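Asker: Following this line is run_23.txt, made up of compact mmCIF, C-alpha atoms and all ligand atoms:
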```
# COMPACT_ATOMS: atom_id res chain seq x y z
CA MET A 17 3.72 -52.09 45.65
CA ARG A 18 2.14 -48.68 45.56
CA ILE A 19 3.34 -45.10 45.58
CA GLU A 20 1.31 -43.24 48.17
CA ARG A 21 2.95 -39.87 47.97
CA LEU A 22 5.09 -38.00 45.52
CA ARG A 23 6.95 -34.81 46.29
CA ILE A 24 8.76 -32.82 43.62
CA ASP A 25 10.82 -29.64 43.95
CA ASN A 26 12.37 -27.63 41.14
CA PHE A 27 11.59 -30.08 38.35
CA ARG A 28 10.57 -27.96 35.37
CA VAL A 29 7.06 -26.55 35.90
CA PHE A 30 6.89 -28.09 39.41
CA ARG A 31 8.61 -25.72 41.77
CA HIS A 32 7.01 -27.40 44.71
CA VAL A 33 4.42 -30.14 44.44
CA ASP A 34 3.24 -32.62 47.04
CA ILE A 35 0.77 -35.25 45.87
CA ALA A 36 -0.54 -37.15 48.85
CA ASP A 37 -2.87 -40.14 49.27
CA LEU A 38 -2.27 -41.45 45.77
CA PRO A 39 -4.78 -44.23 45.09
CA PRO A 40 -4.01 -47.27 42.91
CA LEU A 41 -5.66 -45.46 39.99
CA ALA A 42 -5.31 -41.69 39.56
CA PHE A 43 -6.39 -39.25 36.87
CA PHE A 44 -4.70 -35.92 36.24
CA VAL A 45 -6.55 -33.13 34.48
CA GLY A 46 -5.08 -29.80 33.56
CA ALA A 47 -4.79 -27.28 30.76
CA ASN A 48 -2.23 -27.67 27.99
CA GLY A 49 1.21 -26.93 29.37
CA SER A 50 0.16 -27.43 33.01
CA GLY A 51 2.56 -30.33 33.47
CA LYS A 52 0.75 -33.65 33.04
CA THR A 53 3.45 -35.03 30.77
CA THR A 54 6.12 -33.54 33.05
CA LEU A 55 4.64 -35.43 36.00
CA PHE A 56 5.13 -38.73 34.16
CA GLU A 57 8.55 -37.56 33.02
CA VAL A 58 9.73 -37.57 36.63
CA PHE A 59 9.68 -41.37 36.46
CA GLY A 60 11.47 -41.32 33.10
CA PHE A 61 14.12 -39.18 34.74
CA LEU A 62 14.54 -41.64 37.63
CA ARG A 63 14.76 -44.52 35.20
CA ASP A 64 17.45 -42.87 33.10
CA ALA A 65 19.36 -41.99 36.26
CA LEU A 66 19.19 -45.59 37.43
CA GLN A 67 20.01 -47.17 34.08
CA ASN A 68 22.84 -44.76 33.32
CA ASN A 69 23.65 -42.02 35.80
CA LEU A 70 22.35 -38.60 36.82
CA SER A 71 24.54 -36.72 34.34
CA ALA A 72 23.06 -38.67 31.43
CA ALA A 73 19.50 -38.28 32.74
CA VAL A 74 19.96 -34.51 33.10
CA ALA A 75 21.76 -34.10 29.76
CA LYS A 76 18.94 -35.93 27.96
CA ARG A 77 16.59 -33.27 29.28
CA GLY A 78 18.55 -30.28 28.07
CA GLY A 79 20.96 -29.87 30.98
CA PHE A 80 20.56 -28.81 34.59
CA LYS A 81 19.59 -25.21 33.85
CA GLU A 82 16.84 -26.30 31.50
CA LEU A 83 15.53 -28.96 33.85
CA ARG A 84 15.50 -26.98 37.09
CA SER A 85 12.48 -24.72 37.54
CA ARG A 86 13.22 -21.37 35.98
CA GLY A 87 14.59 -18.74 38.30
CA CYS A 88 14.85 -21.16 41.23
CA ASP A 89 17.81 -22.13 43.37
CA GLY A 90 18.33 -25.31 45.26
CA PRO A 91 18.40 -28.90 44.15
CA ILE A 92 15.90 -30.81 42.07
CA VAL A 93 14.17 -33.08 44.59
CA VAL A 94 12.10 -36.18 43.94
CA GLU A 95 10.67 -37.99 46.92
CA VAL A 96 8.65 -41.15 46.54
CA LYS A 97 6.82 -42.73 49.46
CA PHE A 98 5.73 -46.27 48.80
CA ARG A 99 4.60 -49.46 50.46
CA GLU A 100 5.57 -52.89 49.22
CA HIS A 101 2.41 -54.37 50.72
CA ASP A 102 -0.69 -52.83 52.23
CA ASP A 103 0.46 -53.82 55.71
CA GLY A 104 4.16 -53.08 55.16
CA PRO A 105 5.94 -49.94 56.39
CA LEU A 106 5.86 -46.71 54.42
CA VAL A 107 9.25 -46.39 52.73
CA THR A 108 10.68 -43.04 51.66
CA TYR A 109 13.15 -42.68 48.85
CA GLN A 110 14.50 -39.19 48.39
CA LEU A 111 16.87 -37.94 45.73
CA GLN A 112 18.31 -34.43 45.59
CA VAL A 113 20.14 -33.50 42.44
CA GLY A 114 22.40 -30.48 42.14
CA GLU A 115 25.28 -29.13 40.16
CA ARG A 116 28.82 -28.69 41.52
CA ASP A 117 31.61 -27.17 39.49
CA GLY A 118 29.55 -27.79 36.37
CA ARG A 119 28.99 -31.48 37.19
CA VAL A 120 25.69 -33.06 38.05
CA VAL A 121 25.78 -34.73 41.47
CA ALA A 122 23.46 -36.51 43.88
CA GLU A 123 23.47 -33.99 46.71
CA ARG A 124 21.59 -36.46 48.81
CA GLU A 125 20.13 -39.90 48.38
CA LEU A 126 18.15 -41.35 51.23
CA LEU A 127 16.12 -44.47 51.82
CA LYS A 128 14.31 -44.71 55.12
CA TYR A 129 11.29 -46.13 56.83
CA ARG A 130 9.64 -46.00 60.17
CA ARG A 131 9.52 -49.13 62.26
CA GLY A 132 6.18 -49.62 63.94
CA GLN A 133 3.71 -46.82 64.56
CA HIS A 134 5.93 -44.53 66.59
CA GLY A 135 9.45 -45.69 65.83
CA LYS A 136 12.10 -43.32 64.61
CA PRO A 137 12.59 -43.12 60.85
CA TRP A 138 15.27 -45.60 60.12
CA HIS A 139 17.91 -44.79 57.55
CA PHE A 140 18.65 -47.68 55.31
CA LEU A 141 21.00 -45.66 53.19
CA ASP A 142 22.10 -42.06 53.39
CA PHE A 143 24.49 -40.63 50.81
CA ARG A 144 25.84 -37.21 49.94
CA HIS A 145 28.04 -36.57 46.91
CA GLY A 146 28.85 -40.24 46.46
CA GLU A 147 29.72 -40.98 50.07
CA GLY A 148 27.62 -42.20 52.93
CA THR A 149 26.48 -45.13 54.97
CA ALA A 150 24.39 -48.09 54.10
CA VAL A 151 23.22 -51.19 55.84
CA THR A 152 25.39 -54.12 54.90
CA ASN A 153 23.75 -57.18 56.42
CA GLU A 154 20.67 -58.84 55.03
CA ALA A 155 17.78 -56.50 55.60
CA ASP A 156 14.20 -57.49 55.87
CA TYR A 157 11.75 -55.37 57.74
CA ASP A 158 11.74 -57.54 60.83
CA VAL A 159 15.48 -57.51 61.61
CA PRO A 160 15.81 -55.62 64.91
CA ASP A 161 17.47 -52.24 64.53
CA ALA A 162 20.22 -53.17 66.96
CA GLU A 163 21.36 -55.98 64.67
CA MET A 164 21.73 -53.78 61.63
CA GLU A 165 25.25 -53.14 60.52
CA ARG A 166 26.04 -49.91 58.77
CA GLU A 167 29.26 -49.14 57.01
CA PRO A 168 30.68 -46.07 55.37
CA GLN A 169 30.71 -46.55 51.63
CA ARG A 170 31.94 -44.71 48.61
CA LEU A 171 30.49 -44.78 45.12
CA ASN A 172 32.60 -44.72 41.97
CA ALA A 173 31.23 -41.31 41.04
CA PRO A 174 28.95 -38.71 42.67
CA ASP A 175 26.38 -38.95 39.87
CA ILE A 176 25.71 -42.68 40.35
CA LEU A 177 22.72 -43.69 42.42
CA ALA A 178 23.58 -45.67 45.52
CA ILE A 179 20.61 -47.96 44.90
CA LYS A 180 22.45 -48.98 41.75
CA GLY A 181 26.10 -48.63 42.72
CA LEU A 182 26.16 -50.72 45.88
CA GLY A 183 26.38 -54.37 44.98
CA GLN A 184 25.19 -55.63 48.35
CA PHE A 185 21.72 -54.21 47.71
CA GLU A 186 20.93 -56.85 45.16
CA LYS A 187 19.72 -59.12 47.93
CA PHE A 188 17.79 -56.43 49.81
CA ARG A 189 14.13 -56.66 49.11
CA VAL A 190 13.20 -53.04 49.63
CA VAL A 191 15.86 -51.87 47.18
CA SER A 192 14.94 -54.53 44.63
CA SER A 193 11.30 -53.45 44.81
CA LEU A 194 12.21 -49.81 44.37
CA ARG A 195 14.49 -50.59 41.44
CA ARG A 196 11.84 -52.72 39.83
CA LEU A 197 9.31 -49.92 40.22
CA ILE A 198 11.64 -47.48 38.50
CA GLU A 199 13.01 -49.84 35.85
CA SER A 200 9.66 -51.31 34.89
CA TRP A 201 7.78 -48.03 34.95
CA HIS A 202 5.94 -47.78 31.67
CA LEU A 203 4.60 -44.85 29.73
CA SER A 204 1.85 -45.50 27.24
CA ASP A 205 1.65 -42.73 24.69
CA PHE A 206 -0.03 -44.69 21.98
CA HIS A 207 0.26 -43.49 18.39
CA ILE A 208 -2.09 -45.08 15.91
CA GLN A 209 0.25 -44.47 13.00
CA ALA A 210 3.10 -46.23 14.79
CA ALA A 211 0.99 -49.32 15.44
CA ARG A 212 -0.40 -49.68 11.94
CA PRO A 213 2.59 -50.73 9.83
CA SER A 214 3.79 -54.27 9.72
CA GLN A 215 6.56 -55.28 12.08
CA GLU A 216 9.78 -57.20 11.49
CA THR A 217 9.30 -60.64 12.98
CA GLY A 218 10.81 -60.88 16.43
CA TYR A 219 9.72 -61.25 20.00
CA ALA A 220 8.05 -58.90 22.48
CA GLU A 221 6.11 -59.56 25.67
CA HIS A 222 5.15 -55.98 26.56
CA LEU A 223 3.60 -53.32 24.40
CA SER A 224 6.06 -50.50 23.64
CA PRO A 225 5.20 -46.88 24.59
CA ALA A 226 3.98 -45.87 21.12
CA GLY A 227 2.60 -49.34 20.32
CA GLU A 228 4.65 -50.19 17.24
CA ASN A 229 5.27 -53.76 18.42
CA LEU A 230 1.54 -54.54 18.71
CA PRO A 231 1.70 -57.42 16.18
CA LEU A 232 4.54 -59.08 18.10
CA VAL A 233 2.81 -58.81 21.47
CA THR A 234 -0.40 -60.12 19.90
CA GLN A 235 1.50 -63.14 18.64
CA TYR A 236 3.14 -63.62 22.02
CA LEU A 237 -0.22 -63.58 23.82
CA TYR A 238 -1.78 -65.90 21.25
CA GLU A 239 1.03 -68.44 21.60
CA HIS A 240 1.92 -68.23 25.28
CA HIS A 241 -1.22 -66.98 27.01
CA PRO A 242 -4.17 -68.29 24.97
CA ALA A 243 -6.68 -67.68 27.80
CA VAL A 244 -5.62 -64.03 28.03
CA PHE A 245 -5.80 -63.71 24.27
CA GLU A 246 -9.35 -65.11 24.27
CA ARG A 247 -10.34 -62.59 26.93
CA VAL A 248 -8.92 -59.72 24.89
CA LEU A 249 -10.77 -60.97 21.84
CA ALA A 250 -14.06 -61.36 23.71
CA ARG A 251 -13.87 -57.76 24.98
CA MET A 252 -12.92 -56.56 21.53
CA LYS A 253 -15.96 -58.26 19.99
CA ALA A 254 -18.23 -56.81 22.65
CA ARG A 255 -16.95 -53.27 22.14
CA VAL A 256 -16.17 -52.84 18.49
CA PRO A 257 -19.04 -53.86 16.22
CA GLY A 258 -18.05 -56.22 13.42
CA VAL A 259 -14.77 -57.46 14.86
CA ALA A 260 -14.93 -61.25 14.91
CA ASP A 261 -11.27 -62.16 15.18
CA VAL A 262 -7.80 -60.63 15.28
CA GLN A 263 -4.70 -62.46 14.12
CA ALA A 264 -1.03 -61.69 13.85
CA ALA A 265 -0.18 -63.16 10.46
CA GLN A 266 3.15 -63.53 8.74
CA THR A 267 3.51 -62.09 5.24
CA VAL A 268 5.48 -63.78 2.43
CA ASP A 269 8.43 -61.48 3.05
CA GLY A 270 8.60 -62.58 6.68
CA ARG A 271 6.92 -59.59 8.33
CA LEU A 272 4.13 -59.71 10.84
CA VAL A 273 0.85 -57.86 10.30
CA LEU A 274 -2.31 -57.68 12.32
CA ARG A 275 -5.43 -58.84 10.54
CA PHE A 276 -8.89 -57.93 11.75
CA GLN A 277 -11.69 -60.20 10.68
CA ASP A 278 -14.99 -58.46 10.13
CA GLY A 279 -17.87 -60.92 10.45
CA SER A 280 -19.51 -59.47 7.33
CA PHE A 281 -16.68 -60.21 4.95
CA ARG A 282 -14.72 -63.30 3.98
CA ASP A 283 -11.26 -61.70 3.95
CA PRO A 284 -9.79 -59.90 6.94
CA PHE A 285 -8.65 -56.29 6.89
CA ILE A 286 -5.02 -55.61 7.58
CA ALA A 287 -4.27 -53.10 10.31
CA ARG A 288 -3.63 -50.35 7.78
CA TYR A 289 -7.29 -50.38 6.74
CA VAL A 290 -9.15 -50.71 10.01
CA SER A 291 -10.41 -47.70 11.96
CA ASP A 292 -8.29 -45.70 14.44
CA GLY A 293 -10.58 -46.61 17.32
CA THR A 294 -10.40 -50.33 16.49
CA ILE A 295 -6.59 -50.32 16.63
CA LYS A 296 -6.52 -48.25 19.78
CA MET A 297 -9.04 -50.35 21.68
CA PHE A 298 -7.17 -53.50 20.70
CA ALA A 299 -3.85 -51.97 21.76
CA TYR A 300 -5.28 -50.97 25.17
CA LEU A 301 -6.71 -54.41 25.73
CA VAL A 302 -3.32 -55.94 24.95
CA LEU A 303 -1.60 -53.43 27.24
CA LEU A 304 -4.04 -53.84 30.12
CA HIS A 305 -4.26 -57.63 29.98
CA ASP A 306 -0.48 -58.00 30.14
CA PRO A 307 0.08 -61.20 32.16
CA SER A 308 2.80 -59.44 34.19
CA PRO A 309 1.61 -55.87 34.77
CA HIS A 310 4.05 -52.98 35.09
CA PRO A 311 4.29 -51.83 38.71
CA LEU A 312 3.52 -48.30 37.52
CA LEU A 313 1.76 -47.55 34.27
CA CYS A 314 1.33 -43.96 33.10
CA ILE A 315 -1.09 -43.37 30.26
CA GLU A 316 -1.28 -40.23 28.17
CA GLU A 317 -4.81 -39.16 27.26
CA PRO A 318 -6.38 -42.59 26.79
CA GLU A 319 -9.57 -41.09 25.37
CA ASN A 320 -8.19 -40.03 21.99
CA GLN A 321 -9.86 -41.83 19.07
CA LEU A 322 -12.18 -43.87 21.26
CA TYR A 323 -15.92 -43.66 21.17
CA PRO A 324 -17.07 -41.84 24.35
CA THR A 325 -19.37 -44.62 25.52
CA LEU A 326 -16.41 -47.03 25.64
CA LEU A 327 -14.43 -44.86 28.04
CA GLY A 328 -16.30 -45.93 31.17
CA GLU A 329 -15.38 -49.55 30.45
CA LEU A 330 -11.81 -48.55 29.74
CA VAL A 331 -11.61 -46.93 33.18
CA GLU A 332 -12.84 -50.23 34.63
CA GLU A 333 -10.01 -51.98 32.80
CA PHE A 334 -7.53 -49.53 34.37
CA ARG A 335 -8.97 -50.33 37.76
CA ASP A 336 -8.65 -54.08 37.14
CA TYR A 337 -5.05 -53.59 36.10
CA ALA A 338 -4.34 -51.65 39.27
CA ARG A 339 -6.01 -54.39 41.31
CA ARG A 340 -3.80 -57.02 39.70
CA GLY A 341 -0.77 -55.22 41.05
CA GLY A 342 0.06 -52.33 38.76
CA GLN A 343 -0.55 -48.76 39.79
CA VAL A 344 -2.07 -46.59 37.05
CA MET A 345 -1.81 -42.84 36.47
CA ALA A 346 -3.50 -41.29 33.46
CA SER A 347 -3.71 -37.80 32.05
CA THR A 348 -7.04 -36.89 30.57
CA HIS A 349 -9.11 -34.15 28.95
CA SER A 350 -12.23 -36.28 28.81
CA PRO A 351 -15.45 -35.67 30.77
CA GLU A 352 -16.48 -39.28 30.07
CA VAL A 353 -13.30 -40.58 31.70
CA LEU A 354 -13.88 -38.29 34.68
CA ASP A 355 -17.48 -39.44 34.97
CA ALA A 356 -16.26 -43.01 35.36
CA ALA A 357 -13.67 -42.01 37.98
CA ASP A 358 -14.23 -41.78 41.70
CA VAL A 359 -13.64 -38.37 43.28
CA SER A 360 -10.77 -39.90 45.29
CA GLU A 361 -9.03 -40.74 42.02
CA VAL A 362 -9.01 -37.26 40.47
CA TYR A 363 -6.34 -34.55 40.75
CA TRP A 364 -6.15 -31.28 38.90
CA LEU A 365 -3.11 -29.30 37.89
CA GLU A 366 -3.24 -25.55 38.09
CA LYS A 367 -0.57 -23.30 36.64
CA ARG A 368 -0.12 -19.84 38.13
CA ARG A 369 2.68 -17.44 37.26
CA GLY A 370 4.65 -20.12 35.49
CA PHE A 371 4.45 -22.89 38.11
CA THR A 372 1.96 -25.64 38.72
CA THR A 373 0.35 -27.00 41.84
CA VAL A 374 -1.58 -30.26 42.11
CA HIS A 375 -4.90 -30.53 43.94
CA ARG A 376 -6.98 -33.47 45.02
CA ALA A 377 -10.59 -33.14 43.88
CA ALA A 378 -11.71 -34.85 47.09
CA ASP A 379 -10.18 -32.02 49.16
CA ASP A 380 -12.41 -29.39 47.57
CA ALA A 381 -15.55 -28.73 49.63
CA GLN A 382 -17.51 -27.27 46.72
CA VAL A 383 -16.72 -30.26 44.51
CA ARG A 384 -17.78 -32.66 47.26
CA ALA A 385 -21.03 -30.76 47.84
CA LEU A 386 -21.93 -30.63 44.15
CA LEU A 387 -21.20 -34.34 43.71
CA ALA A 388 -23.44 -35.07 46.69
CA GLU A 389 -26.23 -33.16 44.94
CA GLY A 390 -25.89 -35.43 41.93
CA ASP A 391 -23.45 -33.56 39.71
CA THR A 392 -20.80 -35.63 37.94
CA LEU A 393 -17.06 -34.98 37.81
CA GLY A 394 -17.22 -34.61 34.02
CA ALA A 395 -19.95 -31.97 34.34
CA LEU A 396 -17.98 -30.10 37.00
CA TRP A 397 -14.90 -30.13 34.80
CA ARG A 398 -16.93 -28.78 31.88
CA GLN A 399 -18.17 -25.95 34.10
CA GLY A 400 -14.60 -25.09 35.07
CA LEU A 401 -15.08 -26.15 38.68
CA LEU A 402 -12.04 -28.41 38.86
CA GLY A 403 -9.64 -25.55 39.48
CA SER A 404 -8.63 -23.91 36.25
CA ALA A 405 -8.24 -27.34 34.72
CA ASN A 406 -10.68 -26.43 31.98
CA PRO A 407 -9.34 -23.13 30.63
N1 LIG B 501 12.62 -25.33 33.69
C1 LIG B 501 11.34 -25.02 33.60
N2 LIG B 501 10.79 -24.14 34.48
C2 LIG B 501 9.48 -23.80 34.42
N3 LIG B 501 8.63 -24.29 33.50
C3 LIG B 501 9.12 -25.16 32.59
C4 LIG B 501 10.48 -25.57 32.60
N4 LIG B 501 10.66 -26.44 31.57
C5 LIG B 501 9.49 -26.55 30.97
N5 LIG B 501 8.54 -25.79 31.56
C6 LIG B 501 7.12 -25.65 31.20
O1 LIG B 501 6.47 -26.84 31.60
C7 LIG B 501 5.35 -27.06 30.79
C8 LIG B 501 5.36 -28.49 30.34
O2 LIG B 501 4.12 -28.88 30.17
P1 LIG B 501 3.68 -30.39 29.86
O3 LIG B 501 4.14 -30.77 28.51
O4 LIG B 501 4.07 -31.26 30.98
O5 LIG B 501 2.12 -30.07 29.89
P2 LIG B 501 0.88 -31.00 29.65
O6 LIG B 501 -0.03 -30.79 30.81
O7 LIG B 501 1.33 -32.37 29.36
O8 LIG B 501 0.25 -30.31 28.38
P3 LIG B 501 -0.59 -30.95 27.16
O9 LIG B 501 -2.02 -31.04 27.62
O10 LIG B 501 -0.41 -29.92 26.11
O11 LIG B 501 0.04 -32.25 26.80
C9 LIG B 501 5.43 -26.12 29.62
O12 LIG B 501 4.47 -25.12 29.78
C10 LIG B 501 6.84 -25.55 29.72
O13 LIG B 501 6.91 -24.23 29.31
MG MG B 502 1.19 -33.58 27.70
```
Represent the structure of the file as structure tokens.
Ligand SMILES: Nc1ncnc2c1ncn2[C@@H]1O[C@H](COP(=O)(O)OP(=O)(O)OP(=O)(O)O)[C@@H](O)[C@H]1O
Ligand SMILES: [Mg+2]

Answerer:
Amino acid sequence: MRIERLRIDNFRVFRHVDIADLPPLAFFVGANGSGKTTLFEVFGFLRDALQNNLSAAVAKRGGFKELRSRGCDGPIVVEVKFREHDDGPLVTYQLQVGERDGRVVAERELLKYRRGQHGKPWHFLDFRHGEGTAVTNEADYDVPDAEMEREPQRLNAPDILAIKGLGQFEKFRVVSSLRRLIESWHLSDFHIQAARPSQETGYAEHLSPAGENLPLVTQYLYEHHPAVFERVLARMKARVPGVADVQAAQTVDGRLVLRFQDGSFRDPFIARYVSDGTIKMFAYLVLLHDPSPHPLLCIEEPENQLYPTLLGELVEEFRDYARRGGQVMASTHSPEVLDAADVSEVYWLEKRRGFTTVHRAADDAQVRALLAEGDTLGALWRQGLLGSANP
């Protein structure tokens, strides 16, 4: 499953943005306030809309007027083009959100794909204001169009997504995949201070956005995926000098703490007393070696607190994660991260007169020419040649 194209209209700083040819791993550079976090937020918005409804997702973001690009009319539009498999059809999901009589509504919700190279785009579902048509018989890509049955349908409310509100979709693969992409989307915005304290004992398989459940996930990996845990530990030892072992240990009052064993000393250090970089590297290894990767993982500025020479290897870990089936998008301000990226993986955000556009580094002739002469992406960024990404 991979998103290949993302189109956004009227969502905060993105009045109109079209990001094409998204690779499995993509880096976004841009000045403060250019919209890197907002780009990831689009997926948070979709998730809230799916888990609750559009009204709740909009209200959480300050209301429709706050969310829609300032001074703009028309609906907020998010369009995601994705493929379930490399050889599957390109599926388009489009959502238009507007306001009617003070209520947030789905002005249009559409799921379509093209059959074969030249076939007509085929509407799997098409809804406006809570009413529309949807296919009702079992749908796999190879059912001939003529055998598809469509029926008019009505949702309980105009702010509920049809991909959620129509029970029959549970058995439809394309909808399940889309829902899984949105529901399992994960944002990593790791905060050292959140990950340091001890954690109530409990159970967690996936690292939380800020990382505060790191001890629980460590214990889970240790107990249920020992081979993965060993791999994490081996990388940790190779990258952070002195780290010989990491354990999630229970304290007398029943809490769980991480303990880092330094080869030079008999007693381990508890997480509170190890370095920022040590915690962060460990947290990233736990995140990236997750036995069931998130279909889409967004990472905020992974470089913070890490030693620059480790960043190239971290980018390799992102790439491995993407190869195992999870798409990765990361925001970055780091020349070392850019140096480890391929030109096809880099996009820059440029804000002009209040609104941002997104550019592919590979589309820029000057960037391509300079790279061919031996320049590196990090050096070009430092020189301000990736748009105005370096202010
Ligand atoms: N409705 C809106 N219309 C236009 N712009 C908006 C709207 N809402 C928010 N913004 C602007 O969008 C920007 C949001 O930036 P965002 O936090 O995504 O930037 P960033 O690239 O993540 O920055 P940083 O590097 O500081 O983390 C802000 O500059 C904010 O003023
Ligand atoms: Mg940000």

Asker: Between atom C9 of ligand LIG 501 (chain B) and atom CA of Asp355 of chain A, measure the distance and give it in Å to one decimal.

Answerer: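 Those two atoms sit 27.0 Å apart.
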
Asker: Which residues of chain A come within 7 Å of ligand LIG 501 (chain B), and for each one, what is the closest pair of atoms and their distance in Å to one decimal, counting all atoms listed in the file, sorted by chain and residue number, as a tab-separated table?

Answerer:
```
residue	atom	partner	partner_atom	distance
A:Phe27	CA	B:LIG501	N1	6.7
A:Arg28	CA	B:LIG501	C1	3.5
A:Val29	CA	B:LIG501	N3	3.7
A:Gly46	CA	B:LIG501	O6	5.8
A:Ala47	CA	B:LIG501	O9	5.6
A:Asn48	CA	B:LIG501	O9	3.4
A:Gly49	CA	B:LIG501	O5	3.3
A:Ser50	CA	B:LIG501	O6	4.0
A:Gly51	CA	B:LIG501	O4	3.1
A:Lys52	CA	B:LIG501	O6	3.7
A:Thr53	CA	B:LIG501	O7	3.7
A:Thr54	CA	B:LIG501	O4	3.7
A:Leu55	CA	B:LIG501	O4	6.6
A:Lys81	CA	B:LIG501	N1	7.0
A:Glu82	CA	B:LIG501	N1	4.9
A:Leu83	CA	B:LIG501	N1	4.7
A:Arg84	CA	B:LIG501	N1	4.8
A:Ser85	CA	B:LIG501	N2	3.5
A:Arg86	CA	B:LIG501	N2	4.0
A:Gly370	CA	B:LIG501	N3	6.1
A:Phe371	CA	B:LIG501	C2	6.3
```

Asker: Please measure the separation of atom CA of Thr149 of chain A and atom CA of Arg170 of chain A, giving the value in Å to one decimal.

Answerer: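 Distance between the two atoms: 8.4 Å.
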
Asker: What separation in Å, quoted to one decimal, exists between atom CA of Leu249 of chain A and atom CA of Arg271 of chain A?

Answerer: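 Calculated distance between atom CA of Leu249 of chain A and atom CA of Arg271 of chain A is 22.3 Å.
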
Asker: Give me, as a short mmCIF file (atom, residue, chain, number, x, y, z; two decimals) with C-alpha atoms, in the frame of the given file, all polymer residues having an atom no more than 9 Å from Arg376 of chain A, counting only C-alpha atoms and skipping those fewer than 3 positions away in the same chain.

Answerer:
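Generated output (around_21.cif):
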```
data_model
loop_
_atom_site.label_atom_id
_atom_site.label_comp_id
_atom_site.auth_asym_id
_atom_site.auth_seq_id
_atom_site.Cartn_x
_atom_site.Cartn_y
_atom_site.Cartn_z
CA ILE A 35 0.77 -35.25 45.87
CA ALA A 36 -0.54 -37.15 48.85
CA ASP A 37 -2.87 -40.14 49.27
CA VAL A 359 -13.64 -38.37 43.28
CA SER A 360 -10.77 -39.90 45.29
CA GLU A 361 -9.03 -40.74 42.02
CA VAL A 362 -9.01 -37.26 40.47
CA TYR A 363 -6.34 -34.55 40.75
CA TRP A 364 -6.15 -31.28 38.90
CA ASP A 379 -10.18 -32.02 49.16
CA ASP A 380 -12.41 -29.39 47.57
#
```

Asker: Which polymer residues have any atom within 12 Å of an atom of Ala338 of chain A, counting only C-alpha atoms, with same-chain residues fewer than 3 positions away left out, as an mmCIF file with C-alpha atoms, in the frame of the given file?

Answerer:
```cif
data_model
loop_
_atom_site.group_PDB
_atom_site.id
_atom_site.type_symbol
_atom_site.label_atom_id
_atom_site.label_comp_id
_atom_site.auth_asym_id
_atom_site.auth_seq_id
_atom_site.Cartn_x
_atom_site.Cartn_y
_atom_site.Cartn_z
ATOM 1 C CA MET A 17 3.720 -52.090 45.650
ATOM 2 C CA ARG A 18 2.140 -48.680 45.560
ATOM 3 C CA ILE A 19 3.340 -45.100 45.580
ATOM 4 C CA PRO A 39 -4.780 -44.230 45.090
ATOM 5 C CA PRO A 40 -4.010 -47.270 42.910
ATOM 6 C CA LEU A 41 -5.660 -45.460 39.990
ATOM 7 C CA ALA A 42 -5.310 -41.690 39.560
ATOM 8 C CA LEU A 304 -4.040 -53.840 30.120
ATOM 9 C CA HIS A 305 -4.260 -57.630 29.980
ATOM 10 C CA ASP A 306 -0.480 -58.000 30.140
ATOM 11 C CA SER A 308 2.800 -59.440 34.190
ATOM 12 C CA PRO A 309 1.610 -55.870 34.770
ATOM 13 C CA HIS A 310 4.050 -52.980 35.090
ATOM 14 C CA PRO A 311 4.290 -51.830 38.710
ATOM 15 C CA LEU A 312 3.520 -48.300 37.520
ATOM 16 C CA LEU A 313 1.760 -47.550 34.270
ATOM 17 C CA CYS A 314 1.330 -43.960 33.100
ATOM 18 C CA VAL A 331 -11.610 -46.930 33.180
ATOM 19 C CA GLU A 332 -12.840 -50.230 34.630
ATOM 20 C CA GLU A 333 -10.010 -51.980 32.800
ATOM 21 C CA PHE A 334 -7.530 -49.530 34.370
ATOM 22 C CA ARG A 335 -8.970 -50.330 37.760
ATOM 23 C CA GLY A 341 -0.770 -55.220 41.050
ATOM 24 C CA GLY A 342 0.060 -52.330 38.760
ATOM 25 C CA GLN A 343 -0.550 -48.760 39.790
ATOM 26 C CA VAL A 344 -2.070 -46.590 37.050
ATOM 27 C CA MET A 345 -1.810 -42.840 36.470
ATOM 28 C CA ALA A 346 -3.500 -41.290 33.460
#
```
